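Shown next: target.pdb, containing PDB, C-alpha atoms.
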```pdb
ATOM      1  CA  SER N   1    -155.048 -29.348 -19.812
ATOM      2  CA  LYS N   2    -155.580 -25.703 -20.595
ATOM      3  CA  LYS N   3    -153.487 -23.566 -18.278
ATOM      4  CA  ASP N   4    -153.016 -19.835 -18.536
ATOM      5  CA  ASP N   5    -149.211 -20.064 -18.374
ATOM      6  CA  ASN N   6    -148.276 -18.806 -21.874
ATOM      7  CA  ILE N   7    -146.887 -22.264 -22.698
ATOM      8  CA  ILE N   8    -148.523 -24.868 -24.965
ATOM      9  CA  ASP N   9    -147.993 -28.356 -23.541
ATOM     10  CA  LYS N  10    -148.391 -31.576 -25.544
ATOM     11  CA  ASP N  11    -152.054 -32.070 -24.534
ATOM     12  CA  GLU N  12    -152.934 -28.489 -25.467
ATOM     13  CA  PHE N  13    -151.088 -28.919 -28.775
ATOM     14  CA  ARG N  14    -152.978 -32.138 -29.560
ATOM     15  CA  ASP N  15    -156.242 -30.384 -28.699
ATOM     16  CA  MET N  16    -155.321 -27.444 -30.923
ATOM     17  CA  MET N  17    -154.474 -29.833 -33.767
ATOM     18  CA  LYS N  18    -157.678 -31.829 -33.163
ATOM     19  CA  ALA N  19    -155.654 -35.036 -32.682
ATOM     20  CA  GLN N  20    -157.172 -37.872 -30.736
ATOM     21  CA  GLY N  21    -154.927 -39.951 -28.490
ATOM     22  CA  GLY N  22    -151.260 -40.112 -29.425
ATOM     23  CA  SER N  23    -151.100 -39.145 -33.080
ATOM     24  CA  VAL N  24    -147.551 -39.851 -34.250
ATOM     25  CA  PHE N  25    -147.675 -36.984 -36.735
ATOM     26  CA  THR N  26    -148.979 -34.499 -34.168
ATOM     27  CA  ASP N  27    -146.353 -35.629 -31.661
ATOM     28  CA  GLY N  28    -143.697 -35.150 -34.357
ATOM     29  CA  LEU N  29    -144.942 -31.635 -35.011
ATOM     30  CA  PHE N  30    -144.873 -30.979 -31.270
ATOM     31  CA  ARG N  31    -141.203 -32.052 -31.155
ATOM     32  CA  MET N  32    -140.497 -29.684 -34.044
ATOM     33  CA  PHE N  33    -142.259 -26.755 -32.373
ATOM     34  CA  ASP N  34    -140.698 -27.502 -28.953
ATOM     35  CA  ARG N  35    -137.280 -26.372 -30.158
ATOM     36  CA  ASP N  36    -135.606 -26.595 -26.727
ATOM     37  CA  SER N  37    -137.242 -29.957 -25.832
ATOM     38  CA  SER N  38    -138.654 -28.481 -22.629
ATOM     39  CA  GLY N  39    -142.029 -30.200 -22.982
ATOM     40  CA  GLY N  40    -143.745 -26.909 -23.776
ATOM     41  CA  ILE N  41    -143.931 -24.436 -26.622
ATOM     42  CA  ASP N  42    -143.491 -20.772 -25.783
ATOM     43  CA  PHE N  43    -144.531 -17.924 -28.059
ATOM     44  CA  ALA N  44    -141.101 -17.509 -29.697
ATOM     45  CA  GLU N  45    -140.841 -21.255 -30.442
ATOM     46  CA  PHE N  46    -144.362 -21.249 -31.861
ATOM     47  CA  VAL N  47    -143.729 -18.313 -34.206
ATOM     48  CA  ILE N  48    -140.338 -19.576 -35.417
ATOM     49  CA  SER N  49    -141.564 -23.128 -35.960
ATOM     50  CA  LEU N  50    -144.714 -22.014 -37.727
ATOM     51  CA  ALA N  51    -142.598 -19.896 -40.064
ATOM     52  CA  LEU N  52    -140.330 -22.893 -40.705
ATOM     53  CA  TYR N  53    -143.257 -25.224 -41.298
ATOM     54  CA  GLN N  54    -144.733 -22.778 -43.801
ATOM     55  CA  ASN N  55    -141.269 -22.266 -45.387
ATOM     56  CA  LYS N  56    -141.313 -18.554 -44.530
ATOM     57  CA  ALA N  57    -138.244 -18.486 -42.235
ATOM     58  CA  ARG N  58    -135.630 -17.053 -44.552
ATOM     59  CA  ASN N  59    -133.187 -16.208 -41.742
ATOM     60  CA  ILE N  60    -133.008 -19.814 -40.433
ATOM     61  CA  SER N  61    -130.243 -21.940 -41.936
ATOM     62  CA  ASP N  62    -131.100 -24.974 -44.042
ATOM     63  CA  ASP N  63    -129.239 -27.126 -41.508
ATOM     64  CA  ASP N  64    -131.519 -25.907 -38.695
ATOM     65  CA  LYS N  65    -134.564 -26.524 -40.889
ATOM     66  CA  LYS N  66    -133.360 -30.047 -41.645
ATOM     67  CA  ARG N  67    -132.859 -30.754 -37.939
ATOM     68  CA  LEU N  68    -136.387 -29.625 -37.158
ATOM     69  CA  PHE N  69    -137.982 -31.720 -39.891
ATOM     70  CA  PHE N  70    -135.787 -34.691 -38.957
ATOM     71  CA  LYS N  71    -137.370 -34.532 -35.485
ATOM     72  CA  ILE N  72    -140.815 -35.020 -37.017
ATOM     73  CA  TYR N  73    -139.855 -38.274 -38.722
ATOM     74  CA  ASP N  74    -137.852 -39.584 -35.753
ATOM     75  CA  ALA N  75    -141.052 -40.856 -34.118
ATOM     76  CA  ASP N  76    -139.405 -42.419 -31.079
ATOM     77  CA  GLY N  77    -136.890 -39.598 -30.569
ATOM     78  CA  ASP N  78    -133.816 -41.858 -30.607
ATOM     79  CA  GLY N  79    -131.871 -39.710 -33.089
ATOM     80  CA  GLU N  80    -132.492 -41.816 -36.176
ATOM     81  CA  ILE N  81    -135.357 -42.640 -38.502
ATOM     82  CA  SER N  82    -136.118 -46.345 -38.556
ATOM     83  CA  PRO N  83    -138.458 -48.058 -40.996
ATOM     84  CA  ALA N  84    -140.875 -48.398 -38.053
ATOM     85  CA  ASP N  85    -140.666 -44.622 -37.399
ATOM     86  CA  LEU N  86    -141.472 -43.789 -41.002
ATOM     87  CA  LYS N  87    -144.277 -46.338 -41.145
ATOM     88  CA  LYS N  88    -145.857 -44.906 -37.979
ATOM     89  CA  MET N  89    -145.568 -41.396 -39.398
ATOM     90  CA  LEU N  90    -147.085 -42.347 -42.756
ATOM     91  CA  ASN N  91    -149.967 -44.242 -41.151
ATOM     92  CA  SER N  92    -150.617 -41.295 -38.849
ATOM     93  CA  CYS N  93    -150.589 -38.822 -41.763
ATOM     94  CA  PHE N  94    -152.905 -41.021 -43.821
ATOM     95  CA  ALA N  95    -155.293 -41.421 -40.881
ATOM     96  CA  ALA N  96    -155.283 -37.674 -40.202
ATOM     97  CA  SER N  97    -156.211 -37.138 -43.855
ATOM     98  CA  TRP N  98    -158.918 -39.831 -43.737
ATOM     99  CA  MET N  99    -157.024 -41.801 -46.373
ATOM    100  CA  GLU N 100    -157.223 -45.568 -46.387
ATOM    101  CA  VAL N 101    -153.951 -47.017 -47.635
ATOM    102  CA  ALA N 102    -153.227 -50.734 -47.661
ATOM    103  CA  GLU N 103    -150.506 -51.826 -45.238
ATOM    104  CA  SER N 104    -148.614 -53.434 -48.138
ATOM    105  CA  ASP N 105    -148.592 -50.063 -49.954
ATOM    106  CA  VAL N 106    -147.241 -48.323 -46.846
ATOM    107  CA  ASP N 107    -144.536 -51.003 -46.570
ATOM    108  CA  GLU N 108    -143.571 -50.459 -50.224
ATOM    109  CA  LEU N 109    -143.430 -46.689 -49.701
ATOM    110  CA  VAL N 110    -141.140 -47.151 -46.689
ATOM    111  CA  LYS N 111    -138.877 -49.518 -48.660
ATOM    112  CA  ALA N 112    -138.724 -47.139 -51.638
ATOM    113  CA  THR N 113    -137.910 -44.206 -49.364
ATOM    114  CA  PHE N 114    -135.119 -46.062 -47.568
ATOM    115  CA  LEU N 115    -133.539 -47.017 -50.903
ATOM    116  CA  LYS N 116    -132.935 -43.301 -51.572
ATOM    117  CA  TYR N 117    -130.838 -42.706 -48.423
ATOM    118  CA  ASP N 118    -127.396 -43.590 -47.146
ATOM    119  CA  LEU N 119    -128.257 -45.791 -44.180
ATOM    120  CA  THR N 120    -126.492 -46.308 -40.872
ATOM    121  CA  PRO N 121    -125.071 -49.765 -40.098
ATOM    122  CA  ARG N 122    -128.361 -50.446 -38.244
ATOM    123  CA  GLY N 123    -130.349 -49.817 -41.431
ATOM    124  CA  THR N 124    -131.753 -46.500 -40.234
ATOM    125  CA  ILE N 125    -131.545 -42.961 -41.582
ATOM    126  CA  GLY N 126    -129.278 -40.835 -39.419
ATOM    127  CA  PHE N 127    -129.247 -37.067 -39.534
ATOM    128  CA  GLU N 128    -126.215 -37.030 -41.851
ATOM    129  CA  GLY N 129    -127.928 -39.258 -44.412
ATOM    130  CA  TYR N 130    -131.176 -37.304 -44.062
ATOM    131  CA  SER N 131    -129.349 -34.009 -44.422
ATOM    132  CA  LYS N 132    -127.718 -35.022 -47.719
ATOM    133  CA  ARG N 133    -131.062 -35.866 -49.323
ATOM    134  CA  ALA N 134    -133.699 -33.735 -47.605
ATOM    135  CA  PHE N 135    -134.809 -30.492 -49.239
ATOM    136  CA  THR N 136    -133.587 -31.559 -52.657
ATOM    137  CA  HIS N 137    -135.921 -30.875 -55.544
ATOM    138  CA  THR N 138    -136.921 -34.545 -55.717
ATOM    139  CA  SER N 139    -137.337 -35.350 -52.028
ATOM    140  CA  GLY N 140    -139.202 -32.504 -50.336
ATOM    141  CA  TYR N 141    -138.812 -32.832 -46.555
ATOM    142  CA  MET N 142    -138.214 -36.602 -46.616
TER     143      MET N 142
END
```

Represent the structure of the file as C-alpha coordinates.
Amino acid sequence: SKKDDNIIDKDEFRDMMKAQGGSVFTDGLFRMFDRDSSGGIDFAEFVISLALYQNKARNISDDDKKRLFFKIYDADGDGEISPADLKKMLNSCFAASWMEVAESDVDELVKATFLKYDLTPRGTIGFEGYSKRAFTHTSGYM
(Lines of atoms letter the chains of each structure in order from A and count residues from 1; the text may use other names and numbers.)
(Lines give C-alpha, C1' and ligand atoms only; values in the text may rest on other atoms or scores of the structure.)
Protein backbone atom coordinates (compact mmCIF):
# COMPACT_ATOMS: atom_id res chain seq x y z
CA SER A 1 0.00 0.00 0.00
CA LYS A 2 2.24 2.75 -1.26
CA LYS A 3 0.95 6.11 -0.08
CA ASP A 4 2.71 9.42 -0.48
CA ASP A 5 2.36 10.32 3.21
CA ASN A 6 6.03 10.31 4.31
CA ILE A 7 5.31 7.33 6.58
CA ILE A 8 6.34 3.71 5.94
CA ASP A 9 3.59 1.34 7.07
CA LYS A 10 4.09 -2.38 7.73
CA ASP A 11 3.08 -3.42 4.18
CA GLU A 12 5.43 -0.88 2.62
CA PHE A 13 8.21 -2.04 4.96
CA ARG A 14 7.65 -5.70 4.02
CA ASP A 15 7.69 -4.71 0.34
CA MET A 16 10.90 -2.74 0.84
CA MET A 17 12.48 -5.72 2.62
CA LYS A 18 11.20 -8.12 -0.07
CA ALA A 19 9.37 -10.19 2.57
CA GLN A 20 6.47 -12.34 1.51
CA GLY A 21 3.50 -12.68 3.84
CA GLY A 22 4.17 -12.18 7.54
CA SER A 23 7.89 -12.72 7.97
CA VAL A 24 8.55 -12.83 11.72
CA PHE A 25 12.01 -11.31 11.27
CA THR A 26 10.74 -8.48 9.07
CA ASP A 27 7.91 -7.78 11.51
CA GLY A 28 10.48 -7.68 14.33
CA LEU A 29 12.57 -5.19 12.39
CA PHE A 30 9.43 -3.13 11.78
CA ARG A 31 8.77 -3.03 15.54
CA MET A 32 12.36 -1.88 16.07
CA PHE A 33 12.11 0.87 13.44
CA ASP A 34 8.64 1.97 14.64
CA ARG A 35 10.09 3.43 17.83
CA ASP A 36 6.83 5.03 19.01
CA SER A 37 4.67 1.98 18.11
CA SER A 38 2.42 4.14 15.95
CA GLY A 39 2.13 1.57 13.16
CA GLY A 40 4.27 3.68 10.85
CA ILE A 41 7.89 4.69 10.48
CA ASP A 42 8.63 8.36 9.92
CA PHE A 43 11.91 9.69 8.57
CA ALA A 44 13.46 10.35 12.00
CA GLU A 45 12.58 6.84 13.24
CA PHE A 46 13.98 5.33 10.05
CA VAL A 47 17.31 7.17 10.29
CA ILE A 48 17.79 6.51 14.02
CA SER A 49 16.85 2.84 13.76
CA LEU A 50 19.02 2.27 10.71
CA ALA A 51 21.95 3.80 12.57
CA LEU A 52 21.23 1.53 15.55
CA TYR A 53 20.89 -1.55 13.37
CA GLN A 54 24.22 -0.78 11.73
CA ASN A 55 25.77 0.00 15.16
CA LYS A 56 26.53 3.58 14.12
CA ALA A 57 24.38 5.38 16.73
CA ARG A 58 27.00 6.45 19.23
CA ASN A 59 24.72 8.95 20.99
CA ILE A 60 22.03 6.34 21.83
CA SER A 61 22.43 4.64 25.20
CA ASP A 62 23.11 0.92 25.39
CA ASP A 63 19.86 0.53 27.33
CA ASP A 64 17.88 2.08 24.46
CA LYS A 65 19.71 -0.16 21.98
CA LYS A 66 18.90 -3.22 24.08
CA ARG A 67 15.22 -2.26 24.21
CA LEU A 68 15.09 -1.92 20.44
CA PHE A 69 16.76 -5.27 19.79
CA PHE A 70 14.61 -6.91 22.47
CA LYS A 71 11.57 -5.85 20.42
CA ILE A 72 12.86 -7.82 17.44
CA TYR A 73 13.04 -11.08 19.37
CA ASP A 74 9.73 -10.53 21.19
CA ALA A 75 7.82 -11.88 18.18
CA ASP A 76 4.35 -11.62 19.71
CA GLY A 77 4.98 -8.25 21.39
CA ASP A 78 3.99 -9.41 24.89
CA GLY A 79 7.07 -7.96 26.60
CA GLU A 80 9.03 -11.19 26.93
CA ILE A 81 10.89 -13.61 24.70
CA SER A 82 9.43 -17.09 24.85
CA PRO A 83 11.01 -20.19 23.35
CA ALA A 84 8.27 -20.00 20.69
CA ASP A 85 9.23 -16.37 19.91
CA LEU A 86 12.88 -17.26 19.44
CA LYS A 87 12.04 -20.33 17.37
CA LYS A 88 9.80 -18.26 15.06
CA MET A 89 12.54 -15.65 14.71
CA LEU A 90 15.24 -18.22 13.95
CA ASN A 91 13.09 -20.04 11.40
CA SER A 92 12.23 -16.73 9.76
CA CYS A 93 15.91 -15.69 9.61
CA PHE A 94 16.94 -19.06 8.19
CA ALA A 95 14.18 -18.91 5.57
CA ALA A 96 15.11 -15.35 4.60
CA SER A 97 18.68 -16.56 4.10
CA TRP A 98 17.55 -19.62 2.11
CA MET A 99 19.07 -21.87 4.77
CA GLU A 100 17.53 -25.24 5.47
CA VAL A 101 17.96 -26.10 9.14
CA ALA A 102 16.42 -29.18 10.72
CA GLU A 103 13.68 -28.45 13.25
CA SER A 104 15.60 -30.48 15.86
CA ASP A 105 18.65 -28.22 15.33
CA VAL A 106 16.50 -25.11 15.79
CA ASP A 107 15.05 -26.62 18.98
CA GLU A 108 18.57 -27.30 20.29
CA LEU A 109 19.65 -23.75 19.46
CA VAL A 110 16.65 -22.35 21.35
CA LYS A 111 17.39 -24.58 24.36
CA ALA A 112 21.08 -23.61 24.37
CA THR A 113 20.20 -19.92 24.14
CA PHE A 114 17.71 -20.09 27.01
CA LEU A 115 20.30 -21.80 29.22
CA LYS A 116 22.43 -18.63 29.02
CA TYR A 117 19.75 -16.31 30.45
CA ASP A 118 18.12 -15.64 33.79
CA LEU A 119 14.53 -16.65 33.06
CA THR A 120 11.25 -15.33 34.42
CA PRO A 121 9.08 -17.68 36.50
CA ARG A 122 7.21 -18.46 33.23
CA GLY A 123 10.43 -19.69 31.62
CA THR A 124 10.76 -16.69 29.32
CA ILE A 125 13.44 -14.05 28.87
CA GLY A 126 12.29 -10.72 30.24
CA PHE A 127 13.95 -7.44 29.40
CA GLU A 128 15.98 -7.49 32.63
CA GLY A 129 17.44 -10.91 31.87
CA TYR A 130 18.03 -9.95 28.23
CA SER A 131 19.67 -6.69 29.26
CA LYS A 132 22.19 -8.43 31.53
CA ARG A 133 23.41 -10.71 28.74
CA ALA A 134 22.81 -8.88 25.46
CA PHE A 135 25.67 -6.97 23.86
CA THR A 136 28.30 -8.91 25.76
CA HIS A 137 31.28 -10.08 23.76
CA THR A 138 29.95 -13.65 23.69
CA SER A 139 26.28 -13.02 22.97
CA GLY A 140 25.97 -10.37 20.26
CA TYR A 141 22.39 -9.08 20.18
CA MET A 142 20.86 -12.25 21.66

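Put simply, the PyMOL selection byres ((chain N and resi 75-90) around 6) in this file takes in Val24, Phe25, Tyr73, Asp74, Asn91, Ser92, Cys93, Thr124, Ile125 and Gly126 of chain N.
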
Expansion of the PyMOL selection byres ((chain N and resi 111-118) around 9) into residues, as a PyMOL selection string: chain N and resi 83+106-110+119-120+123-126+128-130+132-133+142

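Distance check against Asp64 (chain N) using all atoms listed in the file: of N:Asp42, N:Phe13, N:Met32, N:Ala95, the minimum falls on N:Met32.
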
Residue contacts of Thr26 (chain N) (9 Å, all atoms listed in the file) excluding same-chain residues fewer than 2 positions away, as a VMD selection string: chain N and resid 13 to 14 17 19 22 to 24 28 to 31 72 92 to 93

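Each of N:Ser104, N:Ser38, N:Asn6, N:Ser131 was checked against Lys65 (chain N) using only C-alpha atoms; the smallest atom-to-atom distance is that of N:Ser131.
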
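For the set N:Glu100, N:Asp34, N:Asp63, N:Asp105, the residue with the smallest atom-to-atom gap to Asp9 (chain N) is N:Asp34, counting all atoms listed in the file.
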
Gap from CA of Ser37 (chain N) to CA of Lys71 (chain N) - Å, one decimal: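 It comes out at 10.7 Å.
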
For Ser49 (chain N): contacts at 9 Å, only C-alpha atoms, fewer than 2 positions along chain excluded, given as a list in words: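 Residues near the query, excluding close chain neighbours: Met32, Phe33, Asp34, Arg35, Ala44, Glu45, Phe46, Val47, Ala51, Leu52, Tyr53, Gln54, Ala57 and Leu68 of chain N.
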
Separation of CA of Phe127 (chain N) from CA of Gly39 (chain N) in Å: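 One can read the CA of Gly39 (chain N) to CA of Phe127 (chain N) distance as 22.0 Å.
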
Coordinates-based distance that separates CA of Met16 (chain N) from CA of Lys3 (chain N) (Å, one decimal):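 That distance, rounded to one decimal, is 13.4 Å.
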
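Comparing N:Asn59, N:Ala134, N:Asp4, N:Lys18 by their smallest distance to Ala96 (chain N), the closest is N:Lys18 (using all atoms listed in the file).
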
Would you compute, for all listed atoms of region 119-125 of chain N, the axis-aligned bounding box grown by 8 Å on each side, and then report its centre and edge lengths in Å rounded to one decimal, as lines of an AutoDock Vina configuration file?
```
center_x = -128.4
center_y = -46.7
center_z = -41.2
size_x = 22.7
size_y = 23.5
size_z = 21.9
```
